[in-house]
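So this one's start.txt, compact mmCIF, C-alpha atoms and all ligand atoms:
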```txt
# COMPACT_ATOMS: atom_id res chain seq x y z
CA MET A 1 92.66 90.83 100.27
CA GLU A 2 95.55 92.72 98.76
CA SER A 3 98.89 92.13 100.41
CA GLU A 4 100.75 94.95 102.09
CA GLY A 5 103.83 94.11 100.03
CA GLU A 6 106.09 96.50 98.19
CA THR A 7 104.50 99.22 96.14
CA PRO A 8 107.05 100.63 93.73
CA ARG A 9 107.87 104.26 94.46
CA SER A 10 108.45 104.93 90.81
CA SER A 11 106.44 107.76 89.28
CA GLU A 12 107.42 106.61 85.81
CA GLY A 13 104.86 107.55 83.24
CA THR A 14 102.65 109.43 85.69
CA GLY A 15 104.34 112.79 85.33
CA ARG A 16 104.39 113.10 89.12
CA ILE A 17 107.21 114.38 91.21
CA LEU A 18 108.44 111.40 93.20
CA PRO A 19 108.10 112.04 96.92
CA PRO A 20 111.27 111.26 98.80
CA ARG A 21 111.51 108.39 101.22
CA GLU A 22 110.65 109.17 104.80
CA SER A 23 113.18 111.59 106.29
CA ASP A 24 115.05 111.95 102.99
CA TRP A 25 114.02 115.58 103.08
CA PRO A 26 116.19 118.17 104.78
CA GLY A 27 113.17 119.45 106.73
CA PHE A 28 111.24 117.85 109.58
CA PHE A 29 107.65 116.66 109.36
CA ILE A 30 105.49 116.69 112.52
CA SER A 31 101.82 115.72 112.68
CA PHE A 32 99.33 116.24 115.49
CA GLU A 33 96.60 113.71 116.01
CA GLY A 34 93.78 113.13 118.45
CA VAL A 35 90.02 113.16 118.73
CA ASP A 36 88.03 116.33 118.00
CA GLY A 37 88.63 118.82 120.76
CA ALA A 38 91.84 117.18 122.04
CA GLY A 39 93.68 120.48 121.62
CA LYS A 40 95.48 119.91 118.32
CA SER A 41 94.95 123.40 116.89
CA THR A 42 95.93 124.98 120.20
CA GLN A 43 99.15 122.97 120.35
CA VAL A 44 100.03 123.34 116.66
CA ALA A 45 99.98 127.12 117.14
CA ALA A 46 102.02 126.89 120.35
CA LEU A 47 104.70 124.62 118.86
CA ALA A 48 104.92 126.63 115.65
CA GLY A 49 105.44 129.80 117.70
CA ALA A 50 108.12 128.18 119.86
CA LEU A 51 109.98 126.77 116.87
CA ARG A 52 109.86 130.09 115.04
CA SER A 53 111.26 131.83 118.11
CA ASP A 54 114.04 129.26 118.00
CA GLY A 55 114.89 130.31 114.43
CA HIS A 56 113.13 127.61 112.43
CA GLU A 57 111.16 128.16 109.26
CA VAL A 58 107.78 126.61 110.04
CA LEU A 59 104.83 125.83 107.82
CA THR A 60 101.56 124.77 109.46
CA VAL A 61 98.86 122.97 107.51
CA ARG A 62 95.41 121.82 108.50
CA GLU A 63 93.76 118.70 107.13
CA PRO A 64 91.67 118.45 105.11
CA GLY A 65 92.18 121.73 103.31
CA GLU A 66 94.84 124.35 102.75
CA THR A 67 94.98 124.01 98.96
CA ALA A 68 92.12 125.37 96.82
CA VAL A 69 90.99 121.84 95.99
CA GLY A 70 91.47 120.73 99.58
CA GLU A 71 89.25 123.50 100.95
CA LEU A 72 86.47 122.49 98.55
CA ILE A 73 86.84 118.90 99.74
CA ARG A 74 86.81 120.09 103.37
CA SER A 75 83.50 121.88 102.89
CA LEU A 76 82.05 118.72 101.31
CA LEU A 77 83.28 116.55 104.15
CA LEU A 78 82.39 118.60 107.18
CA ARG A 79 78.96 119.95 106.42
CA PRO A 80 75.94 117.83 107.28
CA VAL A 81 74.67 116.03 104.17
CA PRO A 82 71.17 114.67 103.48
CA ALA A 83 72.28 111.10 102.73
CA PRO A 84 74.93 109.25 104.73
CA LEU A 85 78.29 109.49 103.01
CA ASP A 86 79.61 106.10 101.94
CA PRO A 87 82.68 105.28 104.11
CA TRP A 88 84.96 104.65 101.13
CA ALA A 89 83.73 107.83 99.42
CA GLU A 90 84.61 109.66 102.62
CA ALA A 91 88.05 108.01 102.86
CA LEU A 92 88.87 108.80 99.25
CA LEU A 93 87.94 112.45 99.70
CA PHE A 94 90.30 112.76 102.68
CA VAL A 95 93.08 110.99 100.78
CA SER A 96 92.46 113.12 97.72
CA ALA A 97 92.86 116.32 99.75
CA ARG A 98 96.03 114.88 101.32
CA ALA A 99 97.61 113.93 97.97
CA GLN A 100 97.07 117.48 96.75
CA LEU A 101 98.40 119.00 99.98
CA LEU A 102 101.56 116.88 99.80
CA ALA A 103 102.25 117.68 96.16
CA GLU A 104 101.43 121.37 96.37
CA THR A 105 102.62 122.37 99.82
CA VAL A 106 104.10 119.84 102.24
CA LEU A 107 106.77 118.13 100.13
CA PRO A 108 108.10 121.37 98.60
CA ALA A 109 108.40 122.84 102.12
CA LEU A 110 110.18 119.74 103.44
CA MET A 111 112.54 119.86 100.48
CA ARG A 112 113.25 123.52 101.28
CA GLY A 113 114.25 122.38 104.77
CA ASN A 114 111.25 123.75 106.65
CA VAL A 115 109.59 122.24 109.68
CA VAL A 116 106.09 121.26 108.56
CA ILE A 117 103.43 120.83 111.23
CA ALA A 118 100.22 119.13 110.11
CA ASP A 119 97.01 119.47 112.11
CA ARG A 120 95.91 115.85 111.34
CA TYR A 121 97.47 113.52 108.78
CA VAL A 122 97.30 109.85 107.76
CA ASP A 123 96.72 108.48 111.28
CA SER A 124 93.40 110.33 111.32
CA THR A 125 92.34 108.33 108.26
CA LEU A 126 93.38 105.09 109.97
CA ALA A 127 91.57 106.06 113.19
CA TYR A 128 88.39 107.66 111.76
CA GLN A 129 87.79 105.72 108.55
CA GLY A 130 89.49 102.55 109.87
CA GLY A 131 88.55 102.44 113.55
CA GLY A 132 85.47 104.67 113.41
CA ARG A 133 83.86 103.61 110.13
CA GLY A 134 85.25 100.06 110.11
CA LEU A 135 87.21 100.16 106.85
CA ASP A 136 90.07 97.72 106.50
CA ARG A 137 93.19 99.43 107.80
CA ARG A 138 95.55 97.52 105.54
CA SER A 139 93.61 98.75 102.53
CA LEU A 140 93.77 102.29 103.87
CA ARG A 141 97.55 101.95 104.26
CA ALA A 142 97.78 100.63 100.71
CA LEU A 143 95.80 103.65 99.57
CA HIS A 144 98.22 105.91 101.42
CA ARG A 145 101.13 104.19 99.71
CA ALA A 146 99.59 104.56 96.28
CA ALA A 147 98.16 108.06 96.53
CA CYS A 148 100.46 109.80 99.00
CA GLY A 149 103.81 108.20 98.12
CA ASP A 150 103.92 106.47 101.52
CA VAL A 151 105.03 109.74 103.11
CA TRP A 152 104.98 109.42 106.91
CA PRO A 153 105.81 112.09 109.48
CA ASP A 154 109.15 112.10 111.27
CA LEU A 155 107.23 112.62 114.51
CA THR A 156 103.55 112.30 115.41
CA LEU A 157 102.18 113.79 118.63
CA LEU A 158 99.02 112.01 119.73
CA LEU A 159 97.02 114.23 122.06
CA ASP A 160 95.33 111.64 124.19
CA LEU A 161 92.02 112.75 125.65
CA PRO A 162 89.26 110.37 126.74
CA PRO A 163 86.12 110.89 124.64
CA PRO A 164 83.92 112.29 127.49
CA ALA A 165 86.50 115.01 128.22
CA ALA A 166 86.75 115.82 124.51
CA GLU A 167 82.98 116.00 124.26
CA SER A 168 82.71 118.50 127.11
CA ARG A 169 85.47 120.65 125.59
CA ARG A 170 83.67 120.69 122.25
CA ARG A 171 80.39 121.67 123.90
CA ALA A 172 82.08 124.34 126.00
CA GLY A 173 83.36 125.84 122.74
CA GLN A 174 79.70 126.48 121.76
CA LEU A 175 80.56 126.21 118.07
CA PRO A 176 78.16 124.47 115.71
CA LEU A 177 79.23 120.82 115.53
CA ASP A 178 80.34 119.56 112.13
CA ARG A 179 79.30 116.27 110.50
CA MET A 180 82.17 114.26 112.00
CA GLU A 181 81.64 115.73 115.47
CA LEU A 182 77.94 114.82 115.32
CA SER A 183 78.80 111.11 115.02
CA PRO A 184 77.62 108.87 117.88
CA GLU A 185 79.59 108.28 121.09
CA ALA A 186 80.64 104.77 120.01
CA PHE A 187 82.28 106.25 116.93
CA HIS A 188 84.41 108.65 118.99
CA ALA A 189 85.30 105.84 121.41
CA ALA A 190 86.47 103.64 118.50
CA VAL A 191 88.52 106.51 117.05
CA HIS A 192 90.18 107.12 120.41
CA ARG A 193 90.92 103.41 120.86
CA THR A 194 92.40 103.14 117.36
CA PHE A 195 94.68 106.12 117.89
CA ARG A 196 96.06 104.38 120.98
CA GLU A 197 96.55 101.13 119.06
CA LEU A 198 98.45 102.97 116.34
CA ALA A 199 100.69 104.55 118.97
CA GLU A 200 101.37 101.18 120.61
CA ALA A 201 102.32 99.71 117.25
CA GLU A 202 104.70 102.54 116.35
CA PRO A 203 106.12 103.95 119.58
CA GLU A 204 109.17 105.41 117.82
CA ARG A 205 107.12 107.67 115.58
CA ILE A 206 104.00 108.30 117.67
CA VAL A 207 104.45 109.94 121.06
CA VAL A 208 101.39 109.92 123.30
CA VAL A 209 100.83 113.15 125.20
CA ASP A 210 98.38 113.42 128.09
CA ALA A 211 96.04 116.11 126.77
CA GLU A 212 93.88 116.35 129.90
CA ARG A 213 96.42 118.58 131.59
CA PRO A 214 96.30 122.38 131.22
CA ALA A 215 97.25 123.62 127.74
CA VAL A 216 100.48 125.22 128.93
CA VAL A 217 101.64 121.98 130.55
CA VAL A 218 100.81 120.06 127.38
CA SER A 219 102.81 122.63 125.36
CA GLN A 220 105.86 122.17 127.61
CA ARG A 221 105.78 118.41 127.16
CA ILE A 222 105.42 118.78 123.38
CA TRP A 223 108.28 121.24 123.22
CA ALA A 224 110.52 118.83 125.14
CA VAL A 225 109.71 115.97 122.74
CA ALA A 226 110.05 118.06 119.57
CA ALA A 227 113.31 119.68 120.68
CA GLU A 228 114.79 116.28 121.52
CA ARG A 229 113.77 114.78 118.17
CA LEU A 230 115.09 117.74 116.23
CA ALA A 231 118.37 117.50 118.12
CA GLU A 232 118.56 113.79 117.26
CA VAL A 233 118.47 114.59 113.55
CA GLY A 234 121.05 117.32 114.03
CA GLY A 235 118.60 120.20 114.06
CA LEU A 236 117.84 121.32 110.56
CA ALA A 237 120.06 121.53 107.56
CA PRO A 238 122.45 124.48 107.92
CA THR A 239 121.02 126.10 104.81
CA VAL A 240 117.72 126.77 106.53
CA ARG A 241 119.07 128.18 109.79
CA PRO A 242 119.10 131.97 109.84
CA SER A 243 122.60 133.22 109.13
CA ALA A 244 124.38 134.72 112.10
N1 LIG K 1 94.78 121.37 127.63
C1 LIG K 1 93.58 121.97 127.56
N2 LIG K 1 92.79 122.05 128.64
C2 LIG K 1 91.56 122.60 128.57
N3 LIG K 1 91.00 123.11 127.45
C3 LIG K 1 91.75 123.06 126.32
C4 LIG K 1 93.07 122.47 126.31
N4 LIG K 1 93.56 122.54 125.04
C5 LIG K 1 92.60 123.13 124.31
N5 LIG K 1 91.51 123.44 125.06
C6 LIG K 1 90.25 124.04 124.62
O1 LIG K 1 89.48 122.97 124.07
C7 LIG K 1 88.83 123.39 122.86
C8 LIG K 1 89.31 122.51 121.71
O2 LIG K 1 90.69 122.80 121.47
P1 LIG K 1 91.28 122.77 119.98
O3 LIG K 1 90.39 123.52 119.06
O4 LIG K 1 92.71 123.15 120.06
O5 LIG K 1 91.14 121.20 119.71
P2 LIG K 1 91.26 120.43 118.33
O6 LIG K 1 91.87 119.12 118.69
O7 LIG K 1 91.95 121.27 117.33
O8 LIG K 1 89.75 120.24 117.93
P3 LIG K 1 89.15 119.91 116.46
O9 LIG K 1 89.53 118.50 116.17
O10 LIG K 1 87.67 120.06 116.67
O11 LIG K 1 89.74 120.91 115.52
C9 LIG K 1 89.14 124.86 122.69
O12 LIG K 1 88.08 125.60 123.25
C10 LIG K 1 90.42 125.04 123.48
O13 LIG K 1 90.58 126.35 123.98
MG MG K 2 91.37 121.94 115.45
```

Could you write out this structure as C-alpha cells?
Amino acid sequence: MESEGETPRSSEGTGRILPPRESDWPGFFISFEGVDGAGKSTQVAALAGALRSDGHEVLTVREPGETAVGELIRSLLLRPVPAPLDPWAEALLFVSARAQLLAETVLPALMRGNVVIADRYVDSTLAYQGGGRGLDRRSLRALHRAACGDVWPDLTLLLDLPPPAAESRRRAGQLPLDRMELSPEAFHAAVHRTFRELAEAEPERIVVVDAERPAVVVSQRIWAVAAERLAEVGGLAPTVRPSA
C-alpha cells in the first residue's frame, strides 16, 4: 500500500495553478457535512445569510456540481443506474467534480478573500466511499492530495443526526430518493459512524453539531462557532470588508 508521505505541491509541467496551502488564502473555507437529510442545505443557506448580513462576501457551492462539468457528473452519480457503479469509479467521479470546482470556483473565491461555504466536501468522500463503500481511506486521502492539491477547509461543521432520524426526515420530504439515498440501512450507518470517527481524529477542524434539535437552534450554534473561528483569524482581510 502506498504511503501517506509527502506529495510535492509543485504543479511544474502540469500547467495548473498551484493551490495555496491550507489557510494561505485571505478568505475562509467552511464545509458542511453529514448524512443525507441532516440539514446541510438548510444550514448552509442560514449561515450564508447571516454572514452576508454581517458584511461578508459569501460564495456557496454544492457538491458534486456547480460547474458545467460538475453538474454533468452529478447527474451521472445521483440517478439510478442499471448496473452497480464500481466503488472506485464512483469515488473518481466525485473527486473529478471536486477538482474542477476547486480550480474554477472555490480557490479563486478564497483568493479574492470570500467566505466559501461548501455543501459537502472531501469528508463526504472519506465517509461515503471510505466508510460506506469500504474503500481504503488512506488511498482516498492520497487521491485528494494528488487531484485536489490537498486543500482542506478551515472549518468543517458536521451535522450529526442518527440514521433513523435522517431517514424519517428524508421520507417526510416526499422527494424521489436518489441513488445514494436508496442505499441500504447498513450503508448509512457506516457513513454516520465514519463521519464521527473523522471528527474525533480532527477535533480542531471538525466541529460536531447536534442536528436533532430544531433548525433555528442548530443555526444559532453554527453561527456561534463560525463567528468565533472567523474572529480567531482576525475576521477577513480588510480588502474584502465593505468600506465604511
Ligand atoms: N433541525 C431540523 N429539524 C427538523 N427538520 C429539519 C431540520 N433541518 C432540516 N430539516 C428538514 O429536513 C429535510 C432535510 O433537510 P436538508 O435538505 O437541509 O438536509 P440535507 O442534509 O441538505 O440533505 P441532502 O443530503 O439530502 O441534501 C428538509 O425537509 C428540512 O426542511
Ligand atoms: Mg442538501

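Note that CA of Pro214 in chain A and CA of Pro162 in chain A are 14.6 Å apart.
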
Which residues of range 135-168 of chain A sit at most 12 Å from range 108-111 of chain A, using all atoms listed in the file? Give each one's shortest atom pair and distance in Å (one decimal place), in chain and ascending residue order, as a Markdown table.
```
| residue | atom | partner | partner_atom | distance |
| --- | --- | --- | --- | --- |
| A:Val151 | CA | A:Leu110 | CA | 11.3 |
| A:Pro153 | CA | A:Leu110 | CA | 10.7 |
| A:Asp154 | CA | A:Leu110 | CA | 11.0 |
```

- Message: So that I can check the surroundings of range 197-210 of chain A, please list as a ChimeraX atom specification every protein, DNA and RNA residue that reaches within 9 Å of it, counting all atoms listed in the file and ignoring chain neighbours fewer than 5 positions away.
- Response: /A:123,126-127,153-161,192,218,221-222,225

- Query: What lies within 12 Å of range 67-74 of chain A using all atoms listed in the file, ignoring chain neighbours under 5 positions off, as a PyMOL selection string?
  - Reply: chain A and resi 61-62+79-80+89-106+178-180

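Relative to CA of Gly113 in chain A, CA of Val58 in chain A is found at 9.4 Å.
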
- Proximity to ligand LIG 1 (chain K) - best of A:Gly149, A:Gly173, A:Pro164, A:Pro64, only C-alpha atoms and all ligand atoms: A:Gly173

- Message: Taking all atoms listed in the file into account, which residues have an atom no farther than 6 Å from ligand LIG 1 (chain K)? I'd like them as a list in words.
- Response: Val35, Asp36, Gly37, Ala38, Gly39, Lys40, Ser41, Thr42, Arg169, Arg170, Gly173, Ala211, Glu212, Arg213, Pro214 and Ala215 of chain A

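For the set A:Glu232, A:Asp136, A:Asp119, A:Asp24, the residue with the smallest atom-to-atom gap to ligand MG 2 (chain K) is A:Asp119, counting all atoms listed in the file.
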
- Item | Residue nearest ligand MG 2 (chain K) - candidates A:Ala166, A:Ala147, A:Leu59, A:Ala142, atoms counted: all atoms listed in the file | A:Ala166

- When you draw a straight line from CA of Ala118 in chain A to CA of Ile30 in chain A, how long is it in Å?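 If I compute the distance from CA of Ala118 in chain A to CA of Ile30 in chain A, I get 6.3 Å.
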
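Closest to Gly235 in chain A among A:Gln43, A:Thr60, A:Ser53, A:Asn114 is A:Asn114, based on all atoms listed in the file.
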
- Query: Between A:Pro87, A:Pro82, A:Gly34, A:Pro163, which is the closest to Leu140 in chain A once you count only C-alpha atoms?
  - Reply: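 Among the listed residues, the smallest separation from Leu140 in chain A belongs to A:Pro87.
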
- Taking into account only C-alpha atoms, which residue in the set A:Thr194, A:Ser168, A:Ser183, A:Ser31 is nearest to Gly134 in chain A? A:Thr194
